[in-house]
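Data from start-v8.cif: mmCIF, C-alpha atoms
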data_my_file
#
loop_
_atom_site.group_PDB
_atom_site.id
_atom_site.type_symbol
_atom_site.label_atom_id
_atom_site.label_comp_id
_atom_site.auth_asym_id
_atom_site.auth_seq_id
_atom_site.Cartn_x
_atom_site.Cartn_y
_atom_site.Cartn_z
ATOM 1 C CA MET N 1 124.707 4.696 -170.583
ATOM 2 C CA GLY N 2 121.378 2.866 -170.339
ATOM 3 C CA ASN N 3 121.617 0.506 -167.394
ATOM 4 C CA LEU N 4 124.652 2.216 -165.925
ATOM 5 C CA LEU N 5 123.912 5.821 -164.969
ATOM 6 C CA LYS N 6 126.476 8.349 -163.867
ATOM 7 C CA VAL N 7 126.097 9.450 -160.290
ATOM 8 C CA LEU N 8 126.456 13.216 -160.115
ATOM 9 C CA THR N 9 126.955 13.486 -156.383
ATOM 10 C CA ARG N 10 129.458 15.493 -154.365
ATOM 11 C CA GLU N 11 132.972 14.758 -155.573
ATOM 12 C CA ILE N 12 134.935 12.535 -153.218
ATOM 13 C CA GLU N 13 138.516 12.342 -154.374
ATOM 14 C CA ASN N 14 139.788 8.994 -155.680
ATOM 15 C CA TYR N 15 136.420 7.202 -155.629
ATOM 16 C CA PRO N 16 134.352 6.322 -158.731
ATOM 17 C CA HIS N 17 130.853 7.706 -159.126
ATOM 18 C CA PHE N 18 128.292 5.803 -161.142
ATOM 19 C CA PHE N 19 125.072 3.966 -160.491
ATOM 20 C CA LEU N 20 125.113 0.227 -161.163
ATOM 21 C CA ASP N 21 121.620 -0.841 -162.095
ATOM 22 C CA PHE N 22 121.588 -4.308 -160.575
ATOM 23 C CA GLU N 23 117.916 -4.739 -161.472
ATOM 24 C CA ASN N 24 117.909 -4.179 -165.233
ATOM 25 C CA ALA N 25 121.317 -4.709 -166.894
ATOM 26 C CA GLN N 26 121.085 -6.783 -170.084
ATOM 27 C CA PRO N 27 123.980 -8.325 -172.049
ATOM 28 C CA THR N 28 125.357 -6.630 -175.121
ATOM 29 C CA GLU N 29 126.503 -8.653 -178.121
ATOM 30 C CA GLU N 30 130.069 -8.416 -176.800
ATOM 31 C CA GLU N 31 129.033 -9.931 -173.470
ATOM 32 C CA GLN N 32 126.570 -12.538 -174.718
ATOM 33 C CA ASP N 33 128.788 -15.652 -174.906
ATOM 34 C CA VAL N 34 130.225 -15.314 -171.408
ATOM 35 C CA TRP N 35 126.871 -14.139 -170.045
ATOM 36 C CA ASN N 36 125.219 -17.320 -171.383
ATOM 37 C CA GLN N 37 127.802 -19.534 -169.686
ATOM 38 C CA VAL N 38 127.379 -17.792 -166.334
ATOM 39 C CA ASP N 39 123.597 -17.659 -166.641
ATOM 40 C CA LEU N 40 123.488 -21.435 -167.123
ATOM 41 C CA VAL N 41 124.989 -21.789 -163.639
ATOM 42 C CA LEU N 42 123.072 -18.965 -161.978
ATOM 43 C CA GLN N 43 119.772 -20.481 -163.140
ATOM 44 C CA ASP N 44 120.311 -23.182 -160.508
ATOM 45 C CA SER N 45 121.190 -20.816 -157.660
ATOM 46 C CA GLU N 46 117.620 -20.373 -156.413
ATOM 47 C CA SER N 47 116.999 -24.114 -156.241
ATOM 48 C CA ILE N 48 120.257 -24.508 -154.286
ATOM 49 C CA LEU N 49 119.170 -21.856 -151.797
ATOM 50 C CA MET N 50 115.707 -23.382 -151.534
ATOM 51 C CA GLY N 51 117.240 -26.778 -150.855
ATOM 52 C CA LEU N 52 119.402 -25.300 -148.127
ATOM 53 C CA ARG N 53 116.488 -23.417 -146.555
ATOM 54 C CA GLU N 54 114.459 -26.626 -146.463
ATOM 55 C CA TYR N 55 117.312 -28.749 -145.109
ATOM 56 C CA LYS N 56 116.026 -30.147 -141.803
ATOM 57 C CA GLY N 57 118.651 -32.794 -141.136
ATOM 58 C CA ALA N 58 118.375 -36.159 -139.440
ATOM 59 C CA SER N 59 119.296 -35.142 -135.894
ATOM 60 C CA GLN N 60 116.604 -37.204 -134.183
ATOM 61 C CA GLU N 61 117.272 -40.342 -136.197
ATOM 62 C CA ILE N 62 121.017 -40.034 -135.564
ATOM 63 C CA ARG N 63 120.429 -39.474 -131.856
ATOM 64 C CA ASP N 64 118.253 -42.580 -131.661
ATOM 65 C CA ALA N 65 120.861 -44.650 -133.490
ATOM 66 C CA ILE N 66 123.651 -43.500 -131.172
ATOM 67 C CA GLN N 67 121.565 -44.195 -128.077
ATOM 68 C CA ASN N 68 120.582 -47.653 -129.358
ATOM 69 C CA PRO N 69 123.752 -49.027 -130.985
ATOM 70 C CA ASN N 70 122.498 -52.616 -131.015
ATOM 71 C CA ASP N 71 119.062 -51.875 -132.461
ATOM 72 C CA PHE N 72 119.244 -52.565 -136.182
ATOM 73 C CA LYS N 73 115.997 -50.714 -136.923
ATOM 74 C CA HIS N 74 117.358 -47.491 -135.434
ATOM 75 C CA GLN N 75 120.616 -47.895 -137.374
ATOM 76 C CA GLU N 76 118.740 -48.523 -140.607
ATOM 77 C CA ARG N 77 116.363 -45.616 -140.044
ATOM 78 C CA ALA N 78 119.253 -43.200 -139.394
ATOM 79 C CA TRP N 79 121.192 -44.432 -142.410
ATOM 80 C CA ASN N 80 118.213 -44.234 -144.745
ATOM 81 C CA SER N 81 117.514 -40.697 -143.485
ATOM 82 C CA VAL N 82 121.092 -39.518 -143.913
ATOM 83 C CA CYS N 83 121.794 -40.941 -147.389
ATOM 84 C CA PRO N 84 119.456 -38.611 -149.366
ATOM 85 C CA LEU N 85 120.727 -35.678 -147.298
ATOM 86 C CA VAL N 86 124.311 -36.500 -148.251
ATOM 87 C CA ILE N 87 123.269 -36.452 -151.922
ATOM 88 C CA LYS N 88 121.865 -32.946 -151.335
ATOM 89 C CA LEU N 89 125.112 -31.881 -149.694
ATOM 90 C CA LYS N 90 127.019 -33.236 -152.671
ATOM 91 C CA ASN N 91 124.832 -31.162 -154.995
ATOM 92 C CA PHE N 92 125.553 -28.026 -152.951
ATOM 93 C CA TYR N 93 129.277 -28.746 -153.069
ATOM 94 C CA SER N 94 129.204 -29.478 -156.817
ATOM 95 C CA PHE N 95 127.501 -26.145 -157.384
ATOM 96 C CA SER N 96 130.401 -24.393 -155.623
ATOM 97 C CA ILE N 97 132.769 -25.924 -158.186
ATOM 98 C CA ARG N 98 130.611 -24.653 -161.047
ATOM 99 C CA LEU N 99 130.614 -21.170 -159.501
ATOM 100 C CA GLU N 100 134.374 -21.282 -159.160
ATOM 101 C CA GLU N 101 134.742 -22.092 -162.835
ATOM 102 C CA VAL N 102 132.490 -19.327 -164.160
ATOM 103 C CA LEU N 103 134.019 -16.779 -161.787
ATOM 104 C CA GLN N 104 137.331 -17.246 -163.575
ATOM 105 C CA GLY N 105 135.703 -16.291 -166.866
ATOM 106 C CA LEU N 106 134.020 -13.236 -165.379
ATOM 107 C CA LEU N 107 137.241 -12.003 -163.807
ATOM 108 C CA SER N 108 138.995 -12.380 -167.167
ATOM 109 C CA GLU N 109 136.350 -10.272 -168.875
ATOM 110 C CA LEU N 110 136.363 -7.590 -166.179
ATOM 111 C CA THR N 111 140.135 -7.307 -165.874
ATOM 112 C CA TYR N 112 141.869 -8.300 -169.129
ATOM 113 C CA SER N 113 139.486 -6.050 -171.062
ATOM 114 C CA LEU N 114 140.656 -3.099 -169.024
ATOM 115 C CA ASN N 115 142.841 -0.768 -171.082
ATOM 116 C CA THR N 116 145.941 0.333 -169.167
ATOM 117 C CA ALA N 117 145.236 3.995 -169.828
ATOM 118 C CA SER N 118 141.588 3.758 -168.793
ATOM 119 C CA PRO N 119 140.091 4.169 -165.324
ATOM 120 C CA ALA N 120 139.210 1.037 -163.383
ATOM 121 C CA SER N 121 135.506 1.625 -163.835
ATOM 122 C CA THR N 122 135.690 1.164 -167.623
ATOM 123 C CA PRO N 123 134.925 -2.605 -167.806
ATOM 124 C CA LEU N 124 132.170 -2.292 -165.217
ATOM 125 C CA GLU N 125 130.569 0.440 -167.304
ATOM 126 C CA ARG N 126 131.005 -1.233 -170.672
ATOM 127 C CA LYS N 127 130.133 -4.747 -169.487
ATOM 128 C CA GLN N 128 127.251 -3.969 -167.203
ATOM 129 C CA ALA N 129 125.503 -7.326 -167.478
ATOM 130 C CA LEU N 130 128.677 -9.235 -166.584
ATOM 131 C CA ALA N 131 129.234 -6.927 -163.617
ATOM 132 C CA LYS N 132 125.672 -7.723 -162.547
ATOM 133 C CA GLN N 133 126.363 -11.465 -162.809
ATOM 134 C CA PHE N 134 129.503 -11.040 -160.725
ATOM 135 C CA ALA N 135 127.330 -9.281 -158.159
ATOM 136 C CA GLU N 136 124.742 -12.093 -158.294
ATOM 137 C CA ILE N 137 127.442 -14.676 -157.559
ATOM 138 C CA LEU N 138 128.588 -12.691 -154.516
ATOM 139 C CA HIS N 139 125.000 -12.222 -153.343
ATOM 140 C CA PHE N 140 124.311 -15.945 -153.646
ATOM 141 C CA THR N 141 127.573 -16.840 -151.922
ATOM 142 C CA LEU N 142 126.989 -14.771 -148.805
ATOM 143 C CA LEU N 143 123.336 -15.774 -148.597
ATOM 144 C CA PHE N 144 124.282 -19.463 -148.873
ATOM 145 C CA ASP N 145 126.858 -19.075 -146.115
ATOM 146 C CA GLU N 146 124.430 -17.229 -143.839
ATOM 147 C CA LEU N 147 122.005 -20.140 -144.177
ATOM 148 C CA LYS N 148 124.692 -22.797 -143.754
ATOM 149 C CA ILE N 149 126.213 -21.323 -140.618
ATOM 150 C CA ARG N 150 122.790 -21.339 -138.926
ATOM 151 C CA ASN N 151 122.233 -25.029 -139.670
ATOM 152 C CA PRO N 152 124.453 -27.302 -137.511
ATOM 153 C CA ALA N 153 122.577 -30.353 -138.813
ATOM 154 C CA ILE N 154 124.640 -30.176 -142.009
ATOM 155 C CA GLN N 155 127.930 -31.034 -140.342
ATOM 156 C CA ASN N 156 126.288 -33.427 -137.901
ATOM 157 C CA ASP N 157 124.665 -35.401 -140.721
ATOM 158 C CA PHE N 158 127.842 -35.577 -142.768
ATOM 159 C CA SER N 159 129.963 -36.537 -139.771
ATOM 160 C CA TYR N 160 127.561 -39.379 -138.995
ATOM 161 C CA TYR N 161 127.767 -40.522 -142.614
ATOM 162 C CA ARG N 162 131.578 -40.559 -142.524
ATOM 163 C CA ARG N 163 131.681 -42.378 -139.188
ATOM 164 C CA THR N 164 129.194 -45.021 -140.336
ATOM 165 C CA ILE N 165 131.058 -45.667 -143.573
ATOM 166 C CA SER N 166 134.438 -45.904 -141.823
ATOM 167 C CA ARG N 167 133.166 -48.309 -139.157
ATOM 168 C CA ASN N 168 131.690 -50.559 -141.854
ATOM 169 C CA ARG N 169 128.735 -51.431 -139.634
ATOM 170 C CA ILE N 170 126.046 -50.997 -142.198
ATOM 171 C CA ASN N 171 125.961 -54.640 -143.313
ATOM 172 C CA ASN N 172 123.137 -54.944 -145.849
ATOM 173 C CA MET N 173 122.058 -51.303 -145.743
ATOM 174 C CA ASN N 174 121.983 -49.169 -148.867
ATOM 175 C CA LEU N 175 125.569 -48.998 -150.145
ATOM 176 C CA GLU N 176 124.681 -47.529 -153.522
ATOM 177 C CA ILE N 177 125.402 -44.076 -152.169
ATOM 178 C CA GLU N 178 129.123 -44.809 -152.474
ATOM 179 C CA ASN N 179 128.624 -44.706 -156.234
ATOM 180 C CA GLU N 180 127.481 -41.103 -155.742
ATOM 181 C CA VAL N 181 129.808 -40.066 -152.924
ATOM 182 C CA ASN N 182 133.041 -42.052 -153.046
ATOM 183 C CA ASN N 183 135.846 -41.599 -150.546
ATOM 184 C CA GLU N 184 137.625 -38.893 -152.561
ATOM 185 C CA MET N 185 134.423 -36.901 -152.949
ATOM 186 C CA ALA N 186 133.607 -37.346 -149.253
ATOM 187 C CA ASN N 187 137.044 -36.003 -148.289
ATOM 188 C CA ARG N 188 136.581 -32.906 -150.430
ATOM 189 C CA MET N 189 133.066 -32.347 -149.108
ATOM 190 C CA SER N 190 134.327 -32.732 -145.557
ATOM 191 C CA LEU N 191 136.860 -29.939 -146.067
ATOM 192 C CA PHE N 192 134.212 -27.761 -147.694
ATOM 193 C CA TYR N 193 131.630 -28.098 -144.916
ATOM 194 C CA ALA N 194 134.241 -27.742 -142.175
ATOM 195 C CA GLU N 195 134.543 -24.087 -143.208
ATOM 196 C CA PRO N 196 132.133 -21.746 -141.399
ATOM 197 C CA MET N 197 131.479 -19.943 -144.713
ATOM 198 C CA PRO N 198 132.424 -22.446 -147.413
ATOM 199 C CA MET N 199 131.115 -20.654 -150.506
ATOM 200 C CA MET N 200 133.022 -17.471 -149.665
ATOM 201 C CA LYS N 201 136.125 -19.557 -149.033
ATOM 202 C CA THR N 202 135.665 -21.113 -152.483
ATOM 203 C CA LEU N 203 135.373 -17.726 -154.218
ATOM 204 C CA SER N 204 138.335 -16.313 -152.294
ATOM 205 C CA LYS N 205 140.457 -19.276 -153.363
ATOM 206 C CA ALA N 206 139.247 -18.950 -156.955
ATOM 207 C CA THR N 207 140.115 -15.245 -157.076
ATOM 208 C CA THR N 208 143.538 -15.861 -155.546
ATOM 209 C CA ASN N 209 144.175 -18.643 -158.075
ATOM 210 C CA PHE N 210 143.089 -16.331 -160.905
ATOM 211 C CA VAL N 211 145.729 -13.804 -159.861
ATOM 212 C CA MET N 212 148.446 -16.456 -159.475
ATOM 213 C CA GLU N 213 147.662 -18.167 -162.767
ATOM 214 C CA ASN N 214 147.545 -14.938 -164.789
ATOM 215 C CA LYS N 215 150.971 -13.516 -164.040
ATOM 216 C CA SER N 216 150.926 -11.415 -167.203
ATOM 217 C CA LEU N 217 148.005 -9.456 -165.753
ATOM 218 C CA PRO N 218 149.130 -6.784 -163.274
ATOM 219 C CA LEU N 219 147.636 -7.383 -159.834
ATOM 220 C CA GLU N 220 146.282 -3.830 -159.860
ATOM 221 C CA LYS N 221 143.853 -4.735 -162.635
ATOM 222 C CA THR N 222 142.119 -7.218 -160.325
ATOM 223 C CA THR N 223 142.273 -5.124 -157.152
ATOM 224 C CA ASP N 224 141.095 -2.005 -159.015
ATOM 225 C CA CYS N 225 138.097 -3.901 -160.363
ATOM 226 C CA LEU N 226 137.209 -5.160 -156.879
ATOM 227 C CA SER N 227 137.721 -1.811 -155.166
ATOM 228 C CA THR N 228 135.672 -0.012 -157.814
ATOM 229 C CA MET N 229 132.760 -2.379 -157.266
ATOM 230 C CA ALA N 230 132.999 -2.004 -153.474
ATOM 231 C CA ASN N 231 133.167 1.784 -153.529
ATOM 232 C CA VAL N 232 130.366 2.144 -156.061
ATOM 233 C CA CYS N 233 128.099 -0.068 -153.932
ATOM 234 C CA ARG N 234 128.923 1.961 -150.823
ATOM 235 C CA ILE N 235 128.249 5.280 -152.527
ATOM 236 C CA MET N 236 124.918 4.014 -153.858
ATOM 237 C CA LEU N 237 123.912 2.829 -150.389
ATOM 238 C CA GLU N 238 124.853 6.020 -148.577
ATOM 239 C CA THR N 239 123.263 8.333 -151.166
ATOM 240 C CA PRO N 240 119.451 8.237 -150.755
ATOM 241 C CA GLU N 241 118.879 9.997 -154.050
ATOM 242 C CA TYR N 242 120.321 6.961 -155.820
ATOM 243 C CA SER N 243 119.425 4.091 -153.519
ATOM 244 C CA SER N 244 115.814 5.253 -153.890
ATOM 245 C CA ARG N 245 115.992 4.381 -157.581
ATOM 246 C CA PHE N 246 115.877 0.696 -156.773
ATOM 247 C CA ARG N 247 112.392 -0.669 -157.298
ATOM 248 C CA SER N 248 112.768 -3.268 -154.554
ATOM 249 C CA GLU N 249 114.051 -2.869 -151.010
ATOM 250 C CA ASP N 250 115.676 -6.275 -151.432
ATOM 251 C CA THR N 251 118.122 -4.652 -153.849
ATOM 252 C CA LEU N 252 119.579 -2.623 -150.972
ATOM 253 C CA LEU N 253 120.516 -5.806 -149.110
ATOM 254 C CA PHE N 254 121.747 -7.260 -152.405
ATOM 255 C CA CYS N 255 124.008 -4.217 -152.766
ATOM 256 C CA MET N 256 125.328 -4.656 -149.211
ATOM 257 C CA ARG N 257 126.150 -8.312 -149.851
ATOM 258 C CA VAL N 258 127.988 -7.412 -153.038
ATOM 259 C CA MET N 259 129.983 -4.707 -151.239
ATOM 260 C CA VAL N 260 130.995 -7.131 -148.479
ATOM 261 C CA GLY N 261 131.819 -9.867 -150.981
ATOM 262 C CA VAL N 262 134.250 -7.775 -153.018
ATOM 263 C CA ILE N 263 135.834 -6.416 -149.819
ATOM 264 C CA ILE N 264 136.588 -10.003 -148.764
ATOM 265 C CA LEU N 265 137.974 -10.932 -152.194
ATOM 266 C CA TYR N 266 140.147 -7.824 -152.234
ATOM 267 C CA ASP N 267 141.520 -8.698 -148.786
ATOM 268 C CA HIS N 268 142.558 -12.127 -150.049
ATOM 269 C CA VAL N 269 144.333 -11.007 -153.223
ATOM 270 C CA HIS N 270 145.990 -7.759 -152.102
ATOM 271 C CA PRO N 271 149.300 -8.511 -150.342
ATOM 272 C CA ASN N 272 148.591 -5.952 -147.598
ATOM 273 C CA GLY N 273 144.850 -6.509 -147.413
ATOM 274 C CA VAL N 274 141.873 -4.196 -147.334
ATOM 275 C CA PHE N 275 142.201 -2.779 -143.814
ATOM 276 C CA ILE N 276 145.374 -0.712 -144.210
ATOM 277 C CA LYS N 277 145.031 3.072 -144.313
ATOM 278 C CA SER N 278 146.233 3.235 -147.920
ATOM 279 C CA SER N 279 143.605 0.750 -149.142
ATOM 280 C CA THR N 280 141.735 1.830 -152.255
ATOM 281 C CA ILE N 281 138.506 0.670 -150.567
ATOM 282 C CA ASP N 282 137.089 3.053 -147.980
ATOM 283 C CA ILE N 283 136.631 0.323 -145.398
ATOM 284 C CA LYS N 284 135.665 2.656 -142.553
ATOM 285 C CA SER N 285 132.800 4.198 -144.522
ATOM 286 C CA SER N 286 131.742 0.759 -145.748
ATOM 287 C CA LEU N 287 131.501 -0.533 -142.181
ATOM 288 C CA LYS N 288 129.548 2.526 -141.120
ATOM 289 C CA VAL N 289 127.017 1.895 -143.879
ATOM 290 C CA LEU N 290 126.513 -1.628 -142.531
ATOM 291 C CA LYS N 291 126.325 -0.463 -138.922
ATOM 292 C CA GLU N 292 123.513 1.938 -139.821
ATOM 293 C CA GLN N 293 121.295 -0.976 -140.909
ATOM 294 C CA PRO N 294 119.068 -3.082 -138.611
ATOM 295 C CA ALA N 295 121.311 -5.585 -136.825
ATOM 296 C CA ASP N 296 119.304 -8.631 -137.930
ATOM 297 C CA LYS N 297 119.865 -7.739 -141.588
ATOM 298 C CA VAL N 298 123.625 -7.272 -141.477
ATOM 299 C CA GLU N 299 124.943 -9.480 -138.676
ATOM 300 C CA GLY N 300 125.711 -12.247 -141.158
ATOM 301 C CA LEU N 301 127.641 -9.788 -143.343
ATOM 302 C CA LEU N 302 129.608 -8.452 -140.384
ATOM 303 C CA ASN N 303 130.404 -12.033 -139.393
ATOM 304 C CA ALA N 304 131.669 -12.679 -142.906
ATOM 305 C CA LEU N 305 134.078 -9.762 -142.539
ATOM 306 C CA ARG N 306 135.118 -10.960 -139.081
ATOM 307 C CA TYR N 307 135.749 -14.577 -140.013
ATOM 308 C CA THR N 308 136.545 -14.852 -143.730
ATOM 309 C CA THR N 309 138.896 -11.918 -144.288
ATOM 310 C CA LYS N 310 142.621 -12.596 -144.215
ATOM 311 C CA HIS N 311 144.209 -9.449 -142.771
ATOM 312 C CA LEU N 312 141.756 -8.173 -140.155
ATOM 313 C CA HIS N 313 144.028 -9.019 -137.234
ATOM 314 C CA ASP N 314 147.249 -7.794 -138.837
ATOM 315 C CA GLU N 315 149.176 -5.197 -136.867
ATOM 316 C CA SER N 316 148.550 -2.727 -139.690
ATOM 317 C CA THR N 317 144.772 -2.757 -139.115
ATOM 318 C CA PRO N 318 143.737 0.499 -137.383
ATOM 319 C CA LYS N 319 142.157 0.071 -133.955
ATOM 320 C CA ASN N 320 139.042 2.012 -134.951
ATOM 321 C CA ILE N 321 138.388 -0.566 -137.691
ATOM 322 C CA LEU N 322 138.730 -3.408 -135.202
ATOM 323 C CA MET N 323 136.318 -1.625 -132.865
ATOM 324 C CA LEU N 324 133.728 -1.306 -135.635
ATOM 325 C CA LEU N 325 133.863 -5.075 -136.104
ATOM 326 C CA GLN N 326 133.679 -6.007 -132.425
#

If you took the structure in this file and wrote it as structure tokens, what would it be?
Amino acid sequence: MGNLLKVLTREIENYPHFFLDFENAQPTEEEQDVWNQVDLVLQDSESILMGLREYKGASQEIRDAIQNPNDFKHQERAWNSVCPLVIKLKNFYSFSIRLEEVLQGLLSELTYSLNTASPASTPLERKQALAKQFAEILHFTLLFDELKIRNPAIQNDFSYYRRTISRNRINNMNLEIENEVNNEMANRMSLFYAEPMPMMKTLSKATTNFVMENKSLPLEKTTDCLSTMANVCRIMLETPEYSSRFRSEDTLLFCMRVMVGVIILYDHVHPNGVFIKSSTIDIKSSLKVLKEQPADKVEGLLNALRYTTKHLHDESTPKNILMLLQ
């Protein structure tokens, strides 16, 4: 199968067995049009992450302005420091909208193309490059959220911006920013950054909307696609013979992020969630794979499962699963 190799491991009933080559998959002619659209967005993902990593905030300038409310120089310095940061935050938010849009197209390709009589793994095998792009979106999303949640300056800066605008105390300061970030945009950004993990929230909402808007598509087509991806990632991670095929150790963490991402999406679209005993995702084994990793590498992923899933605290969630996430 080229970039998608069958995994000939011990047979575990009900779970798919193949190796997704996240490092080398290339689009076929059938995939090319959608792949190009998604690639146009993903090309900007690294610059978004770099911008977030380098985001230092204006905490000191804001502190000085608050402590010296009658000192115009401090007010001006804080405002001039915050304005370019707000433009950056708008760019991050706008990128989330672009991701949301291309995710819809990917889900269509990986679900509608699934023949009813075929196993769930069929579109992932036939459309390897699109499956890889889906994985790259999930990887980016969880990495973005890990960086955002560790940077309180983001919300502090934006809150100061909103307060300053609403008080109308800026007199002759730079008002041109309102051409970039009007009140409607500021409201939407405020909701986005109020979320602890805003990118994952965006993808969860997009996946839920995809299911609701495509009523002719059986829900099982979407949940089967998500569970197949999650279980394949887990099996690759827990099978050294196959995880050793990755050329880079970074791909292992990539694979973990993808596994966690599809688990979260599944939990949002399945009416009973991912944690019930009858779930088609082996959540217990997935958590054990994460728990076996160094804590500093997976704490952000465990937090994503703790705080962005929908059904974790349902009565149907087994106690041993809750204990694994404590």

Region 244-257 of chain N, all listed atoms, 8 Å padding on each side: what axis-aligned box centre and edge lengths in Å to one decimal come out, as AutoDock Vina command-line options?
--center_x 119.3 --center_y -1.5 --center_z -153.3 --size_x 29.8 --size_y 29.6 --size_z 24.5

Counting all atoms listed in the file, which residue out of N:Ser190, N:Gln128, N:His139, N:Gln133 sits closest to Val86 (chain N)?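 Of the candidates, the smallest distance to Val86 (chain N) is held by N:Ser190.
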
Each region 39-63 of chain N residue no farther than 12 Å from region 28-35 of chain N, nearest pair in Å, only C-alpha atoms, as a tab-separated table:
residue	atom	partner	partner_atom	distance
N:Asp39	CA	N:Trp35	CA	5.9
N:Leu40	CA	N:Trp35	CA	8.6
N:Val41	CA	N:Trp35	CA	10.2
N:Leu42	CA	N:Trp35	CA	10.1
N:Gln43	CA	N:Trp35	CA	11.8

Residue contacts of Cys255 (chain N) (9 Å, all atoms listed in the file) excluding same-chain residues fewer than 2 positions away, as a list in words: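 Within the cut-off, the hits are Phe22, Ala135, His139, Cys233, Arg234, Met236, Leu237, Asp250, Thr251, Leu252, Leu253, Arg257, Val258, Met259 and Val260 of chain N.
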
With a distance cut-off of 10 Å and all atoms listed in the file, select the neighbouring residues of Ile87 (chain N), excluding the residue or stretch itself and same-chain residues fewer than 4 positions from it, and output the selection as an MDAnalysis selection string. chainID N and resid 82:83 91:93 177 180:181

Could you save the residues just selected, with C-alpha atoms, as a compact mmCIF listing (two decimals), in the frame of the given file?
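The resulting file, part_10.txt, is reproduced below:
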# COMPACT_ATOMS: atom_id res chain seq x y z
CA VAL N 82 121.09 -39.52 -143.91
CA CYS N 83 121.79 -40.94 -147.39
CA ASN N 91 124.83 -31.16 -155.00
CA PHE N 92 125.55 -28.03 -152.95
CA TYR N 93 129.28 -28.75 -153.07
CA ILE N 177 125.40 -44.08 -152.17
CA GLU N 180 127.48 -41.10 -155.74
CA VAL N 181 129.81 -40.07 -152.92

Quick one: everything within 12 Å of Phe275 (chain N), counting only C-alpha atoms, minus sequence neighbours fewer than 2 positions away in the same chain. Send it as JSON, numbers by chain. {"N": [263, 264, 266, 267, 268, 270, 271, 272, 273, 277, 278, 279, 280, 281, 282, 283, 284, 285, 286, 287, 305, 306, 309, 310, 311, 312, 313, 314, 315, 316, 317, 318, 319, 320, 321, 322, 324, 325]}

Restricting the calculation to all atoms listed in the file, which member of N:Gln60, N:Asn80, N:Gln37, N:Thr141 is positioned closest to Met199 (chain N)?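 For Met199 (chain N), the nearest of the candidates is N:Thr141.
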
Just give me the gap between CA of Met200 (chain N) and CA of Asn187 (chain N) in Å, one decimal is fine.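 Separation of CA of Met200 (chain N) and CA of Asn187 (chain N): 19.0 Å.
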
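Put simply, CA of Leu203 (chain N) is 19.2 Å away from CA of Met185 (chain N).
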
Determine the nearest neighbour of Arg53 (chain N) from the options N:Lys88, N:Lys201, N:Lys215, N:Arg167, counting only C-alpha atoms.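 Looking at the shortest contact to Arg53 (chain N), the residue is N:Lys88.
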
Within 10 Å of Ala25 (chain N) using all atoms listed in the file, minus same-chain residues under 2 positions, as a list in words: Gly2, Asn3, Leu4, Leu20, Asp21, Phe22, Glu23, Pro27, Thr28, Lys127, Gln128, Ala129, Leu130, Ala131, Lys132 and Gln133 of chain N

Could those residues be written to a file, using C-alpha atoms, as a CSV table (one decimal), in the frame of the given file?
chain,number,residue,atom,x,y,z
N,2,GLY,CA,121.4,2.9,-170.3
N,3,ASN,CA,121.6,0.5,-167.4
N,4,LEU,CA,124.7,2.2,-165.9
N,20,LEU,CA,125.1,0.2,-161.2
N,21,ASP,CA,121.6,-0.8,-162.1
N,22,PHE,CA,121.6,-4.3,-160.6
N,23,GLU,CA,117.9,-4.7,-161.5
N,27,PRO,CA,124.0,-8.3,-172.0
N,28,THR,CA,125.4,-6.6,-175.1
N,127,LYS,CA,130.1,-4.7,-169.5
N,128,GLN,CA,127.3,-4.0,-167.2
N,129,ALA,CA,125.5,-7.3,-167.5
N,130,LEU,CA,128.7,-9.2,-166.6
N,131,ALA,CA,129.2,-6.9,-163.6
N,132,LYS,CA,125.7,-7.7,-162.5
N,133,GLN,CA,126.4,-11.5,-162.8

Residue by residue, what does the PyMOL selection byres ((chain N and resi 301) around 9) grab here? Present the result as a ChimeraX atom specification. /N:142,146,256-257,260-261,290,297-300,302-306

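The gap separating CA of Asn183 (chain N) from CA of Glu100 (chain N) is 22.1 Å, in Å to one decimal.
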
Taking only C-alpha atoms into account, name the residue in N:Val262, N:Lys73, N:Ser45, N:Tyr161 that is nearest to Thr222 (chain N).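 Nearest to Thr222 (chain N): N:Val262.
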
Expand the PyMOL selection byres ((chain N and resi 101-110) around 7) into the individual residues it matches in the shown file, reporting them as a ChimeraX atom specification. /N:38,97-100,111-114,123-124,130,134,210

Dump of C-alpha atoms for the selected residues, as a compact mmCIF listing (two decimals), keeping the file's coordinate frame:
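Once written, selection10.txt looks like this:
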# COMPACT_ATOMS: atom_id res chain seq x y z
CA VAL N 38 127.38 -17.79 -166.33
CA ILE N 97 132.77 -25.92 -158.19
CA ARG N 98 130.61 -24.65 -161.05
CA LEU N 99 130.61 -21.17 -159.50
CA GLU N 100 134.37 -21.28 -159.16
CA THR N 111 140.14 -7.31 -165.87
CA TYR N 112 141.87 -8.30 -169.13
CA SER N 113 139.49 -6.05 -171.06
CA LEU N 114 140.66 -3.10 -169.02
CA PRO N 123 134.93 -2.60 -167.81
CA LEU N 124 132.17 -2.29 -165.22
CA LEU N 130 128.68 -9.24 -166.58
CA PHE N 134 129.50 -11.04 -160.72
CA PHE N 210 143.09 -16.33 -160.90

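When the PyMOL selection byres ((chain N and resi 61) around 8) is run on the displayed coordinates, the residues it returns are Ala58, Ser59, Gln60, Ile62, Arg63, Asp64, Ala65, His74, Arg77, Ala78 and Ser81 of chain N.
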
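The closest residue to Gln326 (chain N), picked from N:Val232, N:Asn209, N:Lys291, N:Thr202 and counting all atoms listed in the file, is N:Lys291.
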
Find the residue from N:Tyr307, N:Phe246, N:Phe72, N:Tyr193 that sits nearest to Lys148 (chain N); use only C-alpha atoms when measuring. N:Tyr193
